[in-house]
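Visitor: Got final.txt for you, compact mmCIF, C-alpha atoms and all ligand atoms:
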# COMPACT_ATOMS: atom_id res chain seq x y z
CA MET C 1 90.85 72.59 119.86
CA SER C 2 93.51 74.25 117.71
CA ARG C 3 94.38 77.91 118.10
CA PRO C 4 92.66 80.59 115.97
CA VAL C 5 94.57 81.74 112.91
CA ALA C 6 95.22 85.34 111.88
CA VAL C 7 96.50 86.21 108.42
CA VAL C 8 98.33 89.54 108.20
CA THR C 9 99.38 91.09 104.91
CA GLY C 10 102.26 93.56 104.84
CA ALA C 11 103.68 92.08 108.03
CA SER C 12 107.35 92.82 107.30
CA SER C 13 107.31 96.31 108.85
CA GLY C 14 105.24 99.06 110.45
CA ILE C 15 101.64 98.45 111.41
CA GLY C 16 101.56 94.88 110.04
CA ALA C 17 104.56 93.77 112.08
CA ALA C 18 103.10 95.42 115.18
CA VAL C 19 99.75 93.67 114.59
CA ALA C 20 101.58 90.35 114.30
CA ARG C 21 103.24 90.94 117.69
CA ARG C 22 99.95 91.92 119.33
CA LEU C 23 97.96 89.01 117.90
CA ALA C 24 100.67 86.53 118.85
CA GLY C 25 100.20 87.83 122.41
CA GLU C 26 96.44 87.23 122.07
CA GLY C 27 97.02 83.54 121.27
CA PHE C 28 96.66 83.55 117.48
CA ASP C 29 98.67 81.38 115.13
CA LEU C 30 99.93 83.69 112.40
CA VAL C 31 100.33 83.52 108.65
CA LEU C 32 102.39 86.53 107.62
CA GLY C 33 102.79 87.86 104.08
CA ALA C 34 104.99 90.50 102.41
CA ARG C 35 107.59 90.82 99.65
CA ARG C 36 110.81 91.33 101.64
CA ALA C 37 111.61 87.77 102.73
CA ASP C 38 114.37 88.67 105.20
CA ARG C 39 112.29 91.23 107.07
CA LEU C 40 109.25 88.95 107.07
CA ALA C 41 111.28 86.02 108.40
CA ALA C 42 112.50 88.18 111.30
CA VAL C 43 108.91 89.08 112.30
CA ALA C 44 107.87 85.43 111.93
CA ALA C 45 110.73 84.28 114.15
CA GLU C 46 109.80 86.85 116.79
CA THR C 47 106.08 86.01 116.80
CA GLY C 48 106.13 82.27 116.12
CA GLY C 49 104.30 82.96 112.86
CA ARG C 50 104.66 81.40 109.43
CA ALA C 51 106.24 83.66 106.80
CA VAL C 52 104.89 83.21 103.27
CA ALA C 53 105.98 85.31 100.29
CA LEU C 54 103.21 87.62 99.12
CA ASP C 55 102.86 90.36 96.55
CA VAL C 56 99.25 91.53 96.72
CA THR C 57 99.53 93.15 93.27
CA ASP C 58 100.18 89.74 91.69
CA ALA C 59 97.22 87.35 91.35
CA ASP C 60 99.44 84.24 91.21
CA SER C 61 101.31 85.28 94.33
CA VAL C 62 98.02 85.85 96.19
CA ALA C 63 96.70 82.45 95.03
CA ALA C 64 99.87 80.68 96.19
CA PHE C 65 99.81 82.53 99.53
CA CYS C 66 96.13 81.79 100.19
CA ALA C 67 96.58 78.13 99.23
CA THR C 68 98.76 77.73 102.34
CA VAL C 69 95.93 78.98 104.60
CA GLU C 70 93.70 76.16 105.85
CA ARG C 71 91.99 77.98 108.66
CA CYS C 72 91.38 81.73 108.88
CA ASP C 73 89.65 83.43 111.79
CA VAL C 74 91.07 86.91 111.26
CA LEU C 75 92.36 88.56 108.09
CA VAL C 76 94.20 91.86 108.46
CA ASN C 77 94.42 93.56 105.06
CA ASN C 78 97.28 95.91 105.81
CA ALA C 79 99.65 95.75 102.82
CA GLY C 80 99.72 99.01 100.91
CA GLY C 81 101.13 102.48 100.87
CA ALA C 82 101.63 105.69 98.93
CA LEU C 83 104.03 106.68 96.18
CA GLY C 84 104.79 110.36 95.65
CA LEU C 85 103.08 113.63 96.55
CA GLU C 86 102.69 115.33 93.19
CA PRO C 87 99.75 117.46 92.10
CA VAL C 88 97.38 115.89 89.61
CA GLN C 89 98.95 117.94 86.84
CA ASP C 90 102.28 116.16 87.37
CA ALA C 91 100.85 112.76 88.26
CA ASP C 92 102.87 109.70 87.33
CA LEU C 93 100.06 107.33 86.44
CA ASP C 94 102.25 104.25 86.78
CA ARG C 95 102.61 105.16 90.44
CA TRP C 96 98.85 105.71 90.70
CA ARG C 97 98.36 102.29 89.11
CA TRP C 98 100.62 100.70 91.71
CA MET C 99 98.72 102.42 94.52
CA TYR C 100 95.43 101.14 93.13
CA GLU C 101 96.83 97.64 92.66
CA ALA C 102 98.35 97.43 96.13
CA ASN C 103 95.71 99.22 98.20
CA VAL C 104 92.47 98.34 96.41
CA LEU C 105 92.87 95.28 94.21
CA GLY C 106 95.24 93.75 96.78
CA VAL C 107 92.50 93.90 99.43
CA ALA C 108 89.97 92.50 96.95
CA ARG C 109 92.23 89.62 95.88
CA VAL C 110 93.15 88.44 99.36
CA THR C 111 89.67 88.94 100.83
CA LYS C 112 87.98 87.07 97.98
CA ALA C 113 90.30 84.14 98.42
CA LEU C 114 89.81 83.89 102.20
CA LEU C 115 86.10 84.67 102.65
CA GLU C 116 85.01 81.03 102.76
CA PRO C 117 87.48 79.98 105.48
CA LEU C 118 86.60 83.19 107.37
CA ALA C 119 82.89 82.31 107.30
CA ALA C 120 83.62 78.67 108.11
CA SER C 121 85.40 79.75 111.29
CA GLY C 122 81.99 80.81 112.64
CA ASP C 123 83.36 84.22 113.72
CA GLY C 124 85.42 85.60 110.86
CA ARG C 125 86.89 89.08 111.15
CA VAL C 126 88.16 91.02 108.14
CA VAL C 127 90.16 94.08 109.10
CA ILE C 128 90.90 96.66 106.44
CA VAL C 129 93.65 99.13 107.23
CA GLY C 130 92.29 102.15 105.39
CA SER C 131 93.39 105.66 106.29
CA ILE C 132 91.97 109.10 106.96
CA ALA C 133 92.76 109.32 103.21
CA ALA C 134 89.67 107.13 102.80
CA PHE C 135 87.49 110.16 103.57
CA GLU C 136 89.76 113.23 103.37
CA VAL C 137 91.84 114.75 100.57
CA TYR C 138 94.93 116.94 100.53
CA PRO C 139 97.03 118.60 97.82
CA GLY C 140 99.38 116.16 96.15
CA GLY C 141 97.54 113.20 97.61
CA ALA C 142 95.06 112.33 94.88
CA GLY C 143 96.61 109.04 93.76
CA TYR C 144 96.64 107.73 97.33
CA THR C 145 93.38 109.29 98.56
CA ALA C 146 91.53 108.04 95.48
CA ALA C 147 92.79 104.54 96.18
CA LYS C 148 91.94 104.68 99.89
CA HIS C 149 88.49 106.16 99.12
CA ALA C 150 87.97 103.12 96.91
CA VAL C 151 89.07 100.85 99.76
CA GLY C 152 86.41 102.51 101.94
CA ALA C 153 83.74 101.87 99.31
CA LEU C 154 84.85 98.25 98.96
CA THR C 155 84.72 97.84 102.75
CA ARG C 156 81.22 99.23 103.17
CA THR C 157 79.97 97.17 100.24
CA LEU C 158 81.48 94.01 101.68
CA ARG C 159 79.72 94.62 104.99
CA LEU C 160 76.37 94.86 103.21
CA GLU C 161 77.04 91.72 101.20
CA LEU C 162 78.05 89.71 104.26
CA LEU C 163 75.08 90.75 106.39
CA GLY C 164 73.67 87.59 107.93
CA ARG C 165 76.90 85.64 107.61
CA PRO C 166 79.30 85.18 110.53
CA VAL C 167 81.95 87.65 109.34
CA ARG C 168 82.63 91.10 110.78
CA VAL C 169 84.11 93.79 108.54
CA ILE C 170 86.25 96.26 110.48
CA GLU C 171 87.74 99.39 108.92
CA VAL C 172 90.60 101.00 110.83
CA ASP C 173 91.55 104.44 109.51
CA PRO C 174 94.76 105.85 110.98
CA GLY C 175 96.07 109.38 110.68
CA MET C 176 99.82 109.98 110.90
CA VAL C 177 101.77 106.90 112.00
CA GLU C 178 105.56 106.88 112.04
CA THR C 179 106.55 103.78 110.07
CA GLU C 180 108.36 103.26 106.78
CA PHE C 181 105.30 104.74 105.04
CA SER C 182 106.82 108.18 104.36
CA ALA C 183 110.23 106.80 103.37
CA VAL C 184 108.46 104.59 100.82
CA ARG C 185 106.32 107.51 99.64
CA PHE C 186 109.44 109.65 99.07
CA ASP C 187 111.51 106.89 97.43
CA GLY C 188 113.84 106.37 100.37
CA ASP C 189 114.50 110.06 101.08
CA GLN C 190 114.75 109.63 104.85
CA ALA C 191 115.28 113.33 105.62
CA ARG C 192 112.07 114.21 103.77
CA ALA C 193 110.27 111.37 105.52
CA ASP C 194 111.47 112.48 108.96
CA ALA C 195 110.33 116.06 108.24
CA VAL C 196 106.72 114.81 107.99
CA TYR C 197 106.76 114.31 111.78
CA ASP C 198 108.76 117.45 112.69
CA GLY C 199 107.61 119.04 115.93
CA MET C 200 104.63 116.73 116.47
CA THR C 201 104.03 113.37 118.08
CA PRO C 202 102.70 110.84 115.56
CA LEU C 203 101.08 107.52 116.37
CA SER C 204 103.38 104.51 116.58
CA ALA C 205 102.65 101.31 114.69
CA ASP C 206 101.88 99.72 118.04
CA ASP C 207 99.20 102.34 118.80
CA VAL C 208 97.34 101.21 115.70
CA ALA C 209 97.99 97.54 116.40
CA ASP C 210 96.47 98.06 119.84
CA VAL C 211 93.22 99.27 118.21
CA ILE C 212 93.17 96.39 115.73
CA SER C 213 93.83 93.85 118.44
CA PHE C 214 91.02 95.33 120.56
CA ALA C 215 88.60 95.28 117.62
CA VAL C 216 89.19 91.62 116.74
CA THR C 217 88.93 90.43 120.34
CA ARG C 218 85.42 91.86 121.03
CA PRO C 219 82.54 89.37 121.38
CA ALA C 220 81.25 87.99 118.07
CA HIS C 221 78.10 90.16 118.05
CA VAL C 222 80.07 93.43 118.44
CA ASN C 223 81.44 95.09 115.33
CA LEU C 224 83.67 98.15 115.48
CA ASP C 225 82.81 98.88 111.89
CA GLN C 226 84.91 102.01 111.42
CA VAL C 227 87.56 103.29 113.78
CA VAL C 228 89.42 106.54 113.08
CA VAL C 229 92.60 106.89 115.11
CA ARG C 230 94.84 109.95 114.93
CA PRO C 231 97.52 111.55 117.03
CA ARG C 232 96.31 114.29 119.37
CA ASP C 233 98.46 116.66 117.30
CA GLN C 234 96.40 116.00 114.17
CA ALA C 235 92.85 117.26 113.53
CA THR C 236 92.63 116.59 109.78
CA ALA C 237 95.04 115.47 107.08
CA ARG C 238 95.95 119.15 106.66
CA ASP C 239 95.72 120.48 110.23
CA VAL C 240 98.69 119.37 112.31
CA HIS C 241 99.94 121.09 115.46
CA ARG C 242 103.73 121.42 115.53
CA GLU C 243 105.95 122.84 118.26
CA ALA C 244 108.21 125.56 116.84
P1 LIG U 1 105.18 100.41 106.01
O1 LIG U 1 106.04 100.34 107.22
O2 LIG U 1 105.78 100.90 104.75
O3 LIG U 1 104.52 99.00 105.79
C1 LIG U 1 103.89 98.62 104.58
C2 LIG U 1 103.79 97.11 104.54
O4 LIG U 1 103.08 96.74 103.35
C3 LIG U 1 105.15 96.46 104.49
O5 LIG U 1 105.15 95.31 105.28
C4 LIG U 1 105.30 96.11 103.02
O6 LIG U 1 106.11 94.93 102.90
C5 LIG U 1 103.85 95.78 102.66
N1 LIG U 1 103.59 95.84 101.25
C6 LIG U 1 103.70 96.91 100.41
N2 LIG U 1 103.40 96.56 99.17
C7 LIG U 1 103.10 95.24 99.19
C8 LIG U 1 102.73 94.29 98.21
N3 LIG U 1 102.61 94.64 96.93
N4 LIG U 1 102.49 93.03 98.59
C9 LIG U 1 102.61 92.66 99.88
N5 LIG U 1 102.98 93.50 100.85
C10 LIG U 1 103.22 94.78 100.51
O7 LIG U 1 103.92 101.37 106.28
P2 LIG U 1 102.68 101.26 107.30
O8 LIG U 1 102.41 102.64 107.75
O9 LIG U 1 102.88 100.20 108.30
O10 LIG U 1 101.51 100.88 106.27
C11 LIG U 1 100.59 99.83 106.50
C12 LIG U 1 99.22 100.26 106.00
O11 LIG U 1 98.78 101.40 106.76
C13 LIG U 1 99.16 100.69 104.53
O12 LIG U 1 97.99 100.17 103.94
C14 LIG U 1 99.09 102.22 104.62
O13 LIG U 1 98.46 102.77 103.49
C15 LIG U 1 98.27 102.38 105.88
N6 LIG U 1 98.34 103.67 106.55
C16 LIG U 1 99.52 104.18 106.99
C17 LIG U 1 99.55 105.42 107.61
C18 LIG U 1 100.83 106.05 108.10
O14 LIG U 1 100.83 107.27 108.38
N7 LIG U 1 101.92 105.32 108.26
C19 LIG U 1 98.36 106.13 107.81
C20 LIG U 1 97.16 105.56 107.36
C21 LIG U 1 97.17 104.34 106.75
P3 LIG U 1 107.12 94.59 101.70
O15 LIG U 1 107.70 95.90 101.23
O16 LIG U 1 108.12 93.68 102.38
O17 LIG U 1 106.27 93.91 100.70
Would you write the structure of this file as structure tokens?

Guide:
Amino acid sequence: MSRPVAVVTGASSGIGAAVARRLAGEGFDLVLGARRADRLAAVAAETGGRAVALDVTDADSVAAFCATVERCDVLVNNAGGALGLEPVQDADLDRWRWMYEANVLGVARVTKALLEPLAASGDGRVVIVGSIAAFEVYPGGAGYTAAKHAVGALTRTLRLELLGRPVRVIEVDPGMVETEFSAVRFDGDQARADAVYDGMTPLSADDVADVISFAVTRPAHVNLDQVVVRPRDQATARDVHREA
């Protein structure tokens, strides 16, 4: 029998790349998607996966990506991120639109396209990398938290709609994870990104990948339907313990 297949979106860095490494270790064949071809190829080479160009905001790109997937046992919807930290009054709605496209419609596009192969596998698992922003808010975060709240609603709806079919829907909601997330949010301002983690110990991408790998390797009747994982130094999006 051939090996199970995991599809990971946003696999060129951070949590997605770490998930690819973990799932390769669990015996999955990998289909890896992202926009940066060089970075994606490096992760594919390291994990034995297949790198396929993917922009989840582009319907044609998603269709071309999904057309290369014949078997799908696990789908990890991880591609996404935040742009900016402005109050609503100063919101750049083009950036909000991107966040909605990438985080919400991206998940919908890829999941729609792969639901039939997931069900046909007999034990499909759809992982959605949400965020504590799916159920918390913080000043300056409205564009991102609104999008992640929508992802949470999509996830819970999907679970209702799939009841009775052999597909588990698993929402993993991380708190602070040190990846390229903050550098992307602050348009490449690395000093500002580093300051986010000043004096505290964030999660690593591998900490989150560990949780995802655990969730997708439980027996078929067990669904970790929502997992919130934060650093010990973080109680809420706004309450973070920092050493002086
Ligand atoms: P990251 O290092 O910036 O990784 C983001 C990944 O998403 C990259 O591989 C990026 O690849 C991909 N991506 C972005 N836009 C895409 C698009 N339009 N099409 C395809 N791929 C796209 O950040 P990360 O922390 O690992 O983020 C992964 C997920 O975790 C995101 O959904 C994020 O919202 C969520 N999250 C992160 C944190 C955190 O604190 N870091 C906390 C909670 C949730 P390309 O640029 O090569 O396309």

Visitor: Could you check how far CA of Thr217 (chain C) sits from CA of Ile128 (chain C), in Å to one decimal?

Guide: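 Here the two named atoms are 15.4 Å from each other.
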
Visitor: Let me see if you get this right: every residue at most 6 Å from ligand LIG 1 (chain U), counting all atoms listed in the file, written as a ChimeraX atom specification.

Guide: /C:9-16,34-36,54-57,78-81,102,129-131,174-181

Visitor: Pick the closest to Leu23 (chain C) from C:Arg242, C:Leu115, C:Ser182, C:Val211: which is it, counting all atoms listed in the file?

Guide: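 Closest to Leu23 (chain C), using all atoms listed in the file: C:Val211.
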
Visitor: Quick one: pull the distance between CA of Gly164 (chain C) and CA of Asp210 (chain C), Å, one decimal.

Guide: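 Separation of CA of Gly164 (chain C) and CA of Asp210 (chain C): 27.8 Å.
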
Visitor: Please list as an mmCIF file with C-alpha atoms, keeping the file's coordinate frame every residue within 12 Å of Gln89 (chain C), counting all atoms listed in the file and excluding residues in the same chain fewer than 6 positions away.

Guide:
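And here is the file that came out, part_34.cif:
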data_model
loop_
_atom_site.group_PDB
_atom_site.id
_atom_site.type_symbol
_atom_site.label_atom_id
_atom_site.label_comp_id
_atom_site.auth_asym_id
_atom_site.auth_seq_id
_atom_site.Cartn_x
_atom_site.Cartn_y
_atom_site.Cartn_z
ATOM 1 C CA PRO C 139 97.030 118.600 97.820
ATOM 2 C CA GLY C 140 99.380 116.160 96.150
ATOM 3 C CA GLY C 141 97.540 113.200 97.610
ATOM 4 C CA ALA C 142 95.060 112.330 94.880
ATOM 5 C CA GLY C 143 96.610 109.040 93.760
#

Visitor: Counting only C-alpha atoms, which residue out of C:Phe135, C:Phe65, C:Trp98, C:Phe28 sits closest to Val228 (chain C)?

Guide: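 Ranked by minimum distance to Val228 (chain C), first place goes to C:Phe135.
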